[in-house]
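S.K.: Data: protein.cif, mmCIF, C-alpha atoms.
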```
data_entry
loop_
_atom_site.label_atom_id
_atom_site.label_comp_id
_atom_site.auth_asym_id
_atom_site.auth_seq_id
_atom_site.Cartn_x
_atom_site.Cartn_y
_atom_site.Cartn_z
CA MET R 1 123.77 130.41 90.53
CA SER R 2 124.61 128.08 93.32
CA GLU R 3 126.37 128.94 96.52
CA VAL R 4 128.46 126.93 98.97
CA ILE R 5 128.02 128.13 102.55
CA VAL R 6 130.03 126.90 105.51
CA ILE R 7 128.57 127.20 109.00
CA THR R 8 131.34 127.43 111.55
CA SER R 9 132.13 128.77 115.01
CA GLY R 10 135.45 127.57 116.36
CA LYS R 11 133.98 126.69 119.72
CA GLY R 12 131.80 123.62 120.09
CA GLY R 13 128.29 123.61 121.42
CA VAL R 14 127.22 127.06 120.23
CA GLY R 15 124.65 125.75 117.76
CA LYS R 16 126.38 125.07 114.43
CA THR R 17 124.47 121.89 113.71
CA THR R 18 121.12 123.36 114.78
CA THR R 19 121.82 126.39 112.61
CA THR R 20 122.77 124.20 109.65
CA ALA R 21 119.58 122.17 109.97
CA ASN R 22 117.39 125.26 110.25
CA VAL R 23 119.05 127.38 107.60
CA GLY R 24 118.95 124.42 105.23
CA THR R 25 115.31 123.64 105.94
CA GLY R 26 114.39 127.32 105.77
CA LEU R 27 116.01 127.71 102.37
CA ALA R 28 114.23 124.58 101.16
CA LYS R 29 111.00 126.13 102.42
CA LEU R 30 111.76 129.12 100.19
CA GLY R 31 111.76 126.68 97.28
CA LYS R 32 115.52 126.33 96.86
CA LYS R 33 117.21 123.06 96.11
CA VAL R 34 119.48 122.44 99.09
CA VAL R 35 121.98 119.82 100.22
CA LEU R 36 123.38 119.77 103.75
CA ILE R 37 126.77 118.15 104.25
CA ASP R 38 127.84 117.03 107.72
CA THR R 39 131.63 117.42 107.61
CA ASP R 40 132.14 116.41 111.24
CA ILE R 41 133.64 113.03 110.47
CA GLY R 42 133.66 110.77 113.54
CA LEU R 43 131.05 112.82 115.39
CA ARG R 44 127.99 112.57 113.20
CA ASN R 45 125.10 114.70 114.47
CA LEU R 46 123.28 116.54 111.72
CA ASP R 47 121.35 113.37 110.88
CA VAL R 48 119.75 113.16 114.33
CA VAL R 49 118.94 116.86 114.43
CA MET R 50 117.20 116.46 111.07
CA GLY R 51 115.52 113.23 112.23
CA LEU R 52 117.01 111.24 109.35
CA GLU R 53 119.32 108.93 111.31
CA ASN R 54 117.45 105.77 110.34
CA ARG R 55 117.86 106.25 106.63
CA ILE R 56 121.64 106.39 106.29
CA VAL R 57 123.18 103.90 103.90
CA TYR R 58 126.30 105.59 102.55
CA ASN R 59 128.22 108.58 103.91
CA LEU R 60 130.56 111.41 103.00
CA VAL R 61 133.70 109.28 103.16
CA ASP R 62 132.10 106.64 100.88
CA VAL R 63 131.38 109.38 98.35
CA VAL R 64 134.84 110.91 98.54
CA GLU R 65 136.51 107.51 98.22
CA GLY R 66 134.34 106.69 95.24
CA SER R 67 132.54 103.74 96.87
CA CYS R 68 129.26 105.29 95.80
CA ARG R 69 127.89 108.22 93.82
CA PRO R 70 126.86 111.39 95.73
CA LYS R 71 123.22 110.76 94.75
CA GLN R 72 123.30 107.34 96.41
CA ALA R 73 124.51 108.75 99.73
CA MET R 74 122.12 111.68 99.85
CA ILE R 75 119.03 111.26 102.00
CA LYS R 76 115.86 113.08 101.07
CA ASP R 77 114.23 115.10 103.86
CA LYS R 78 111.00 113.85 105.43
CA LYS R 79 109.09 116.98 104.58
CA TYR R 80 110.79 118.78 101.68
CA SER R 81 111.60 116.86 98.53
CA ASN R 82 114.09 119.59 97.52
CA LEU R 83 116.19 119.13 100.68
CA PHE R 84 118.92 116.51 101.03
CA LEU R 85 121.43 115.42 103.64
CA LEU R 86 124.85 113.99 102.98
CA PRO R 87 125.71 112.40 106.34
CA SER R 88 129.15 112.15 107.83
CA ALA R 89 130.95 108.89 108.61
CA GLN R 90 130.84 107.82 112.23
CA THR R 91 133.64 105.27 112.30
CA ARG R 92 136.33 107.23 110.49
CA ASP R 93 138.33 110.36 111.33
CA LYS R 94 138.93 113.79 109.89
CA THR R 95 141.98 112.70 107.91
CA SER R 96 139.82 110.42 105.73
CA VAL R 97 139.04 113.45 103.58
CA THR R 98 141.30 116.16 102.18
CA PRO R 99 140.43 119.81 101.42
CA GLU R 100 140.99 119.11 97.71
CA GLN R 101 138.48 116.24 97.77
CA MET R 102 135.92 118.41 99.57
CA LYS R 103 136.35 121.18 97.02
CA ALA R 104 135.92 118.73 94.17
CA LEU R 105 132.75 117.38 95.77
CA THR R 106 131.14 120.78 96.42
CA ASP R 107 132.03 121.89 92.90
CA GLU R 108 130.35 118.79 91.51
CA LEU R 109 127.23 119.44 93.61
CA ARG R 110 126.95 123.02 92.37
CA GLU R 111 125.47 121.72 89.16
CA ASP R 112 122.46 120.24 90.92
CA PHE R 113 121.81 122.51 93.90
CA ASP R 114 121.07 126.16 94.68
CA TYR R 115 122.66 125.92 98.10
CA ILE R 116 125.28 123.55 99.45
CA ILE R 117 125.52 124.01 103.21
CA LEU R 118 128.42 122.58 105.19
CA ASP R 119 128.19 121.87 108.89
CA CYS R 120 131.74 122.47 110.11
CA PRO R 121 133.23 120.62 113.10
CA ALA R 122 134.47 122.58 116.11
CA GLY R 123 138.15 123.46 116.15
CA ILE R 124 140.57 124.85 113.60
CA GLU R 125 142.27 121.67 112.48
CA GLN R 126 141.83 119.39 109.49
CA GLY R 127 138.04 119.16 109.81
CA PHE R 128 137.73 122.93 109.65
CA LYS R 129 140.11 123.11 106.69
CA ASN R 130 138.08 120.47 104.87
CA ALA R 131 134.83 122.30 105.50
CA ILE R 132 135.99 125.71 104.29
CA ALA R 133 137.92 124.44 101.25
CA GLY R 134 135.12 124.69 98.73
CA ALA R 135 132.99 127.38 100.39
CA ASP R 136 132.09 130.77 98.91
CA ARG R 137 130.82 132.30 102.09
CA ALA R 138 130.71 131.65 105.80
CA LEU R 139 128.15 132.04 108.54
CA ILE R 140 129.81 132.32 111.93
CA VAL R 141 127.71 131.16 114.85
CA THR R 142 128.50 132.56 118.27
CA THR R 143 126.80 133.00 121.62
CA PRO R 144 127.18 136.14 123.77
CA GLU R 145 129.89 134.51 125.87
CA VAL R 146 133.54 135.40 126.24
CA SER R 147 134.86 132.00 125.12
CA ALA R 148 132.58 131.68 122.08
CA ILE R 149 133.34 135.21 120.88
CA ARG R 150 137.05 134.74 121.31
CA ASP R 151 136.95 131.60 119.18
CA ALA R 152 134.73 133.30 116.61
CA ASP R 153 137.30 136.06 116.33
CA ARG R 154 140.02 133.50 115.65
CA ILE R 155 137.88 131.82 112.99
CA ILE R 156 137.15 135.16 111.32
CA GLY R 157 140.88 135.85 111.23
CA LEU R 158 141.56 132.47 109.63
CA LEU R 159 138.80 132.94 107.05
CA GLU R 160 140.03 136.41 106.18
CA SER R 161 143.52 135.05 105.64
CA GLU R 162 141.94 132.49 103.28
CA ASP R 163 140.44 135.42 101.36
CA PHE R 164 136.82 134.83 102.29
CA LYS R 165 134.87 137.83 101.04
CA GLN R 166 131.53 137.13 102.66
CA ILE R 167 131.54 136.41 106.37
CA HIS R 168 128.36 136.95 108.34
CA LEU R 169 127.56 136.58 112.00
CA ILE R 170 124.72 134.80 113.74
CA VAL R 171 124.36 135.61 117.43
CA ASN R 172 122.72 132.56 118.94
CA ARG R 173 121.08 131.95 122.30
CA ILE R 174 120.64 135.55 123.32
CA ARG R 175 118.56 136.17 126.42
CA MET R 176 116.99 139.59 126.36
CA ASP R 177 116.07 139.48 130.05
CA MET R 178 119.76 139.07 130.94
CA VAL R 179 120.89 141.69 128.42
CA LYS R 180 118.43 144.13 129.99
CA LYS R 181 119.91 143.50 133.41
CA GLY R 182 123.38 144.01 132.01
CA ASP R 183 124.34 140.43 132.72
CA MET R 184 124.78 139.38 129.12
CA MET R 185 126.58 141.09 126.28
CA SER R 186 124.15 142.59 123.79
CA VAL R 187 124.19 141.99 120.05
CA GLU R 188 125.71 145.46 119.69
CA ASP R 189 128.51 144.53 122.09
CA VAL R 190 129.28 141.40 120.09
CA LEU R 191 129.25 143.30 116.80
CA ASP R 192 131.45 145.99 118.28
CA ILE R 193 134.06 143.38 119.16
CA LEU R 194 133.92 141.15 116.09
CA ALA R 195 133.36 143.90 113.50
CA ILE R 196 131.63 141.78 110.86
CA ASP R 197 128.14 142.05 109.39
CA LEU R 198 125.23 140.57 111.28
CA ILE R 199 122.86 138.23 109.45
CA GLY R 200 120.72 137.06 112.33
CA VAL R 201 119.95 136.92 116.02
CA VAL R 202 118.40 133.79 117.51
CA PRO R 203 116.91 133.96 121.01
CA ASP R 204 117.55 131.25 123.57
CA ASP R 205 114.34 129.35 123.12
CA GLU R 206 113.09 126.14 124.73
CA SER R 207 111.48 125.24 121.43
CA ILE R 208 114.95 124.47 120.06
CA VAL R 209 115.46 121.73 122.64
CA VAL R 210 112.00 120.34 121.93
CA ALA R 211 112.60 120.46 118.18
CA THR R 212 115.94 118.68 118.52
CA ASN R 213 114.33 116.05 120.74
CA GLU R 214 111.84 115.38 118.01
CA GLY R 215 114.32 115.51 115.14
CA GLU R 216 112.38 118.29 113.52
CA PRO R 217 113.96 121.67 112.63
CA VAL R 218 112.47 124.57 114.61
CA VAL R 219 112.06 126.64 111.46
CA ASN R 220 108.94 124.59 110.75
CA LYS R 221 107.34 125.80 113.98
CA PRO R 222 105.69 129.10 114.93
CA THR R 223 108.23 130.09 117.60
CA GLN R 224 110.58 133.05 118.08
CA ALA R 225 113.62 130.98 117.22
CA GLY R 226 111.84 129.51 114.20
CA LYS R 227 110.98 132.98 112.94
CA ALA R 228 114.55 134.13 113.56
CA PHE R 229 115.93 131.30 111.42
CA GLU R 230 113.37 132.01 108.73
CA ASN R 231 114.59 135.60 108.59
CA ILE R 232 118.20 134.45 108.36
CA CYS R 233 117.31 132.28 105.36
CA ARG R 234 115.64 135.17 103.57
CA ARG R 235 118.69 137.34 104.22
CA VAL R 236 121.00 134.58 102.96
CA ASP R 237 118.88 134.56 99.82
CA GLY R 238 119.46 138.28 99.36
CA GLU R 239 116.26 139.72 100.78
CA GLU R 240 116.36 142.73 103.12
CA VAL R 241 114.56 141.70 106.28
CA PRO R 242 114.37 143.99 109.32
CA PHE R 243 115.76 142.54 112.53
CA MET R 244 113.07 141.54 114.98
CA GLU R 245 112.88 142.81 118.53
CA PHE R 246 112.86 140.08 121.11
CA GLN R 247 110.87 140.94 124.15
CA PRO R 248 111.67 139.23 127.38
CA ASP R 249 108.59 137.54 128.79
CA GLY R 250 106.41 139.96 130.72
CA PHE R 251 104.87 139.30 134.11
CA PHE R 252 101.68 137.75 132.77
CA LYS R 253 103.50 135.55 130.30
CA LYS R 254 105.73 134.29 133.09
CA LEU R 255 102.67 133.61 135.22
CA ALA R 256 101.02 131.75 132.37
CA ASN R 257 104.17 129.67 131.82
CA LEU R 258 104.20 128.86 135.51
CA PHE R 259 100.74 127.30 135.26
CA LYS R 260 101.47 125.63 131.96
CA ARG R 261 104.53 123.88 133.33
CA GLY R 262 102.71 122.85 136.43
CA TYR R 263 105.15 124.08 139.05
CA MET B 1 118.17 141.53 142.37
CA GLY B 2 117.12 143.01 145.67
CA PHE B 3 116.00 146.56 146.30
CA MET B 4 119.31 147.67 147.79
CA ASP B 5 121.33 146.10 145.01
CA ALA B 6 119.86 148.61 142.61
CA PHE B 7 121.68 151.34 144.48
CA PHE B 8 124.88 149.54 145.28
CA ARG B 9 125.13 147.74 142.02
CA LYS B 10 128.58 146.78 140.90
CA ARG B 11 129.54 147.12 137.27
CA SER B 12 127.42 144.67 135.30
CA SER B 13 128.99 141.36 134.35
CA GLY B 14 128.11 142.00 130.71
CA SER B 15 130.35 145.04 130.45
CA LYS B 16 133.07 143.23 132.41
CA ALA B 17 132.90 140.44 129.83
CA LYS B 18 133.21 142.93 127.00
CA ASP B 19 136.25 144.63 128.52
CA ARG B 20 137.99 141.34 129.21
CA LEU B 21 137.29 140.17 125.69
CA LYS B 22 138.66 143.35 124.16
CA LEU B 23 141.93 142.92 126.03
CA VAL B 24 142.35 139.25 125.24
CA LEU B 25 141.54 139.78 121.57
CA VAL B 26 144.13 142.49 121.15
CA SER B 27 146.92 140.07 122.00
CA ASP B 28 145.20 137.20 120.15
CA ARG B 29 144.92 139.22 116.97
CA ALA B 30 148.42 140.58 117.13
CA ASN B 31 149.64 137.03 117.72
CA CYS B 32 152.10 138.54 120.14
CA SER B 33 153.02 137.13 123.55
CA PRO B 34 153.60 139.33 126.60
CA ASP B 35 157.29 138.38 126.34
CA THR B 36 157.50 139.70 122.81
CA MET B 37 155.73 142.86 123.88
CA GLU B 38 158.29 143.36 126.63
CA MET B 39 161.13 142.89 124.13
CA ILE B 40 159.61 145.38 121.71
CA LYS B 41 159.17 147.83 124.54
CA ASN B 42 162.79 147.52 125.64
CA ASP B 43 164.08 147.95 122.11
CA ILE B 44 161.98 151.06 121.58
CA ILE B 45 163.32 152.52 124.83
CA GLN B 46 166.88 151.80 123.73
CA VAL B 47 166.49 153.43 120.34
CA ILE B 48 164.77 156.55 121.60
CA SER B 49 167.17 156.89 124.53
CA LYS B 50 169.96 157.43 122.01
CA TYR B 51 168.46 160.78 121.13
CA MET B 52 166.45 161.93 124.11
CA GLU B 53 165.97 161.28 127.76
CA ILE B 54 162.65 159.61 128.36
CA ASP B 55 160.53 158.90 131.38
CA THR B 56 160.62 155.09 131.47
CA GLN B 57 158.12 155.03 134.33
CA GLY B 58 155.45 156.92 132.42
CA LEU B 59 156.04 154.86 129.30
CA ASP B 60 153.01 153.11 127.83
CA ILE B 61 153.27 150.84 124.84
CA GLN B 62 150.45 148.59 123.73
CA ILE B 63 148.92 146.92 120.75
CA THR B 64 145.42 148.13 119.97
CA GLN B 65 143.00 148.12 117.09
CA THR B 66 142.69 150.96 114.66
CA ALA B 67 140.58 151.45 111.54
CA SER B 68 142.72 150.60 108.52
CA GLU B 69 143.32 153.29 105.93
CA GLY B 70 142.07 150.99 103.22
CA GLY B 71 138.73 151.06 105.00
CA ASN B 72 138.47 147.29 105.30
CA GLY B 73 137.96 146.81 109.00
CA ASN B 74 140.33 147.10 111.90
CA VAL B 75 144.03 146.33 111.94
CA PRO B 76 146.35 146.02 114.90
CA ALA B 77 148.57 149.00 115.61
CA ILE B 78 151.26 149.75 118.15
CA TYR B 79 150.45 152.77 120.27
CA ALA B 80 153.30 154.28 122.22
CA ASN B 81 153.03 157.09 124.71
CA ILE B 82 156.57 158.07 125.61
CA PRO B 83 157.06 161.13 127.84
CA ILE B 84 160.26 163.00 126.95
CA LYS B 85 162.22 164.51 129.83
CA GLU B 86 164.86 166.29 127.86
CA MET B 87 166.44 166.32 124.43
CA LYS B 88 170.03 165.10 124.59
CA LYS B 89 172.65 167.61 123.61
CA GLY B 90 174.32 166.97 120.33
CA SER B 91 171.49 164.80 119.13
CA ARG B 92 171.15 167.01 116.06
#
```
Take the structure from the file and write it as structure tokens.
M.R.:
Amino acid sequence: MSEVIVITSGKGGVGKTTTTANVGTGLAKLGKKVVLIDTDIGLRNLDVVMGLENRIVYNLVDVVEGSCRPKQAMIKDKKYSNLFLLPSAQTRDKTSVTPEQMKALTDELREDFDYIILDCPAGIEQGFKNAIAGADRALIVTTPEVSAIRDADRIIGLLESEDFKQIHLIVNRIRMDMVKKGDMMSVEDVLDILAIDLIGVVPDDESIVVATNEGEPVVNKPTQAGKAFENICRRVDGEEVPFMEFQPDGFFKKLANLFKRGY
Amino acid sequence: MGFMDAFFRKRSSGSKAKDRLKLVLVSDRANCSPDTMEMIKNDIIQVISKYMEIDTQGLDIQITQTASEGGNGNVPAIYANIPIKEMKKGSR
């Protein structure tokens, strides 16, 4: 059975696109057939995070308008032959696609894929409505910040009013050293406020920046964030995976990092 | 954080953030402006004043979250704490 998952947050810059790339790649790694759809029309980004920007011929709007078939627009991943990207259009705007067209497209793709993952634009306007139209479930990405959590709460409210049954939370960019000092809300604090089920916690990790620089999802790398995304994928796929404990770097680790960085 | 700060530490910014969020979300979720709240408050005072004398100073009305009876998460609820001074004669 195939599933359509929308990855959304309300606020911009909390890690939706990075999450989409990593959850998609992670699921492909588990052997699932996956297509990622960048629904952020006008602000195309998922292609660069995946490192596939040079291979784009057709895009989402071309598919929806019938200028090409979905298969023609889909780009195969560099590493996994069961992972595809349907890029967004860069020179059009959100109104080029309607929720009905998006639903028709995702329904069509269900026949060929195990997971259809939609990278939702920030905001709650047309782009958001397009992205959620055909989705079965939602992963909400937030960071432990007042503004991101407030927007996540709004998004959860909107999804609930659209009768979404499965809404899960990913707490991104947590810094355990700050949580320990009391200077950052903990995962428990965030859950207490948002009152939805947690599906993953991703630590603030430099490896994400490096991975994005290289156009290579972090889930392919042996890092804390990579492991965290891997766990999220297994949970998405229905497996029970215990939540990992993130340890802030100890004294010796910090010292080692100091030498490694050369300052 | 210096040595002395450990003793004279103010409330952590994390818990401040949580408290601020809780407050802002209550009004967000209820989709209710402070003006509307004030109007609701005044109407409640009016209605209750018909039957009893109440302490308008000690009055506290707010929208909070409460677990829904259906068991599906939290729902907004109006909580009113209205101190009664005296029952009005002939109110029964």
S.K.: Determine, counting only C-alpha atoms, which protein, DNA and RNA residues have an atom within 8 Å of an atom of Thr212 in chain R; residues of the same chain fewer than 4 positions away are not included. Present the result as a PyMOL selection string.
M.R.: chain R and resi 18+48-50+208+216-218
S.K.: Go through chain B and flag each residue having an atom no more than 10 Å from chain R; for those, report the closest pair of atoms plus their distance in Å to one decimal, using all atoms listed in the file, ordered by chain and rising number, as a tab-separated table.
M.R.:
```
residue	atom	partner	partner_atom	distance
B:Met1	CA	R:Lys181	CA	9.3
B:Arg11	CA	R:Gly182	CA	8.7
B:Ser12	CA	R:Gly182	CA	5.3
B:Ser13	CA	R:Asp183	CA	5.0
B:Gly14	CA	R:Met184	CA	4.5
B:Ser15	CA	R:Met185	CA	6.9
B:Lys16	CA	R:Asp183	CA	9.2
B:Ala17	CA	R:Val146	CA	6.2
B:Lys18	CA	R:Met185	CA	6.9
B:Asp19	CA	R:Ile193	CA	9.7
B:Arg20	CA	R:Val146	CA	8.0
B:Leu21	CA	R:Val146	CA	6.1
B:Lys22	CA	R:Ile193	CA	6.8
B:Val24	CA	R:Arg150	CA	8.0
B:Leu25	CA	R:Arg150	CA	6.8
B:Asp28	CA	R:Arg154	CA	7.8
B:Arg29	CA	R:Arg154	CA	7.6
B:Gly73	CA	R:Ala195	CA	7.1
B:Asn74	CA	R:Ala195	CA	7.8
```
S.K.: Report as a ChimeraX atom specification the residues that result from applying the PyMOL selection byres ((chain R and resi 121) around 12) to the structure here.
M.R.: /R:6-17,20,37-46,88,93-94,118-120,122-132
S.K.: Counting all atoms listed in the file, find the residues whose atoms lie at most 12 Å from (166.9, 157.4, 122.4) (file coordinates) and write them out as a ChimeraX atom specification.
M.R.: /B:42-56,82-89,91
S.K.: Quick one, how far is CA of Asp163 in chain R from CA of Phe229 in chain R?
M.R.: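 Distance reported for this atom pair: 26.8 Å.
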S.K.: Could you tell me how far CA of Ser27 in chain B sits from CA of Ile78 in chain B, in Å to one decimal place?
M.R.: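 CA of Ser27 in chain B lies 11.3 Å from CA of Ile78 in chain B.
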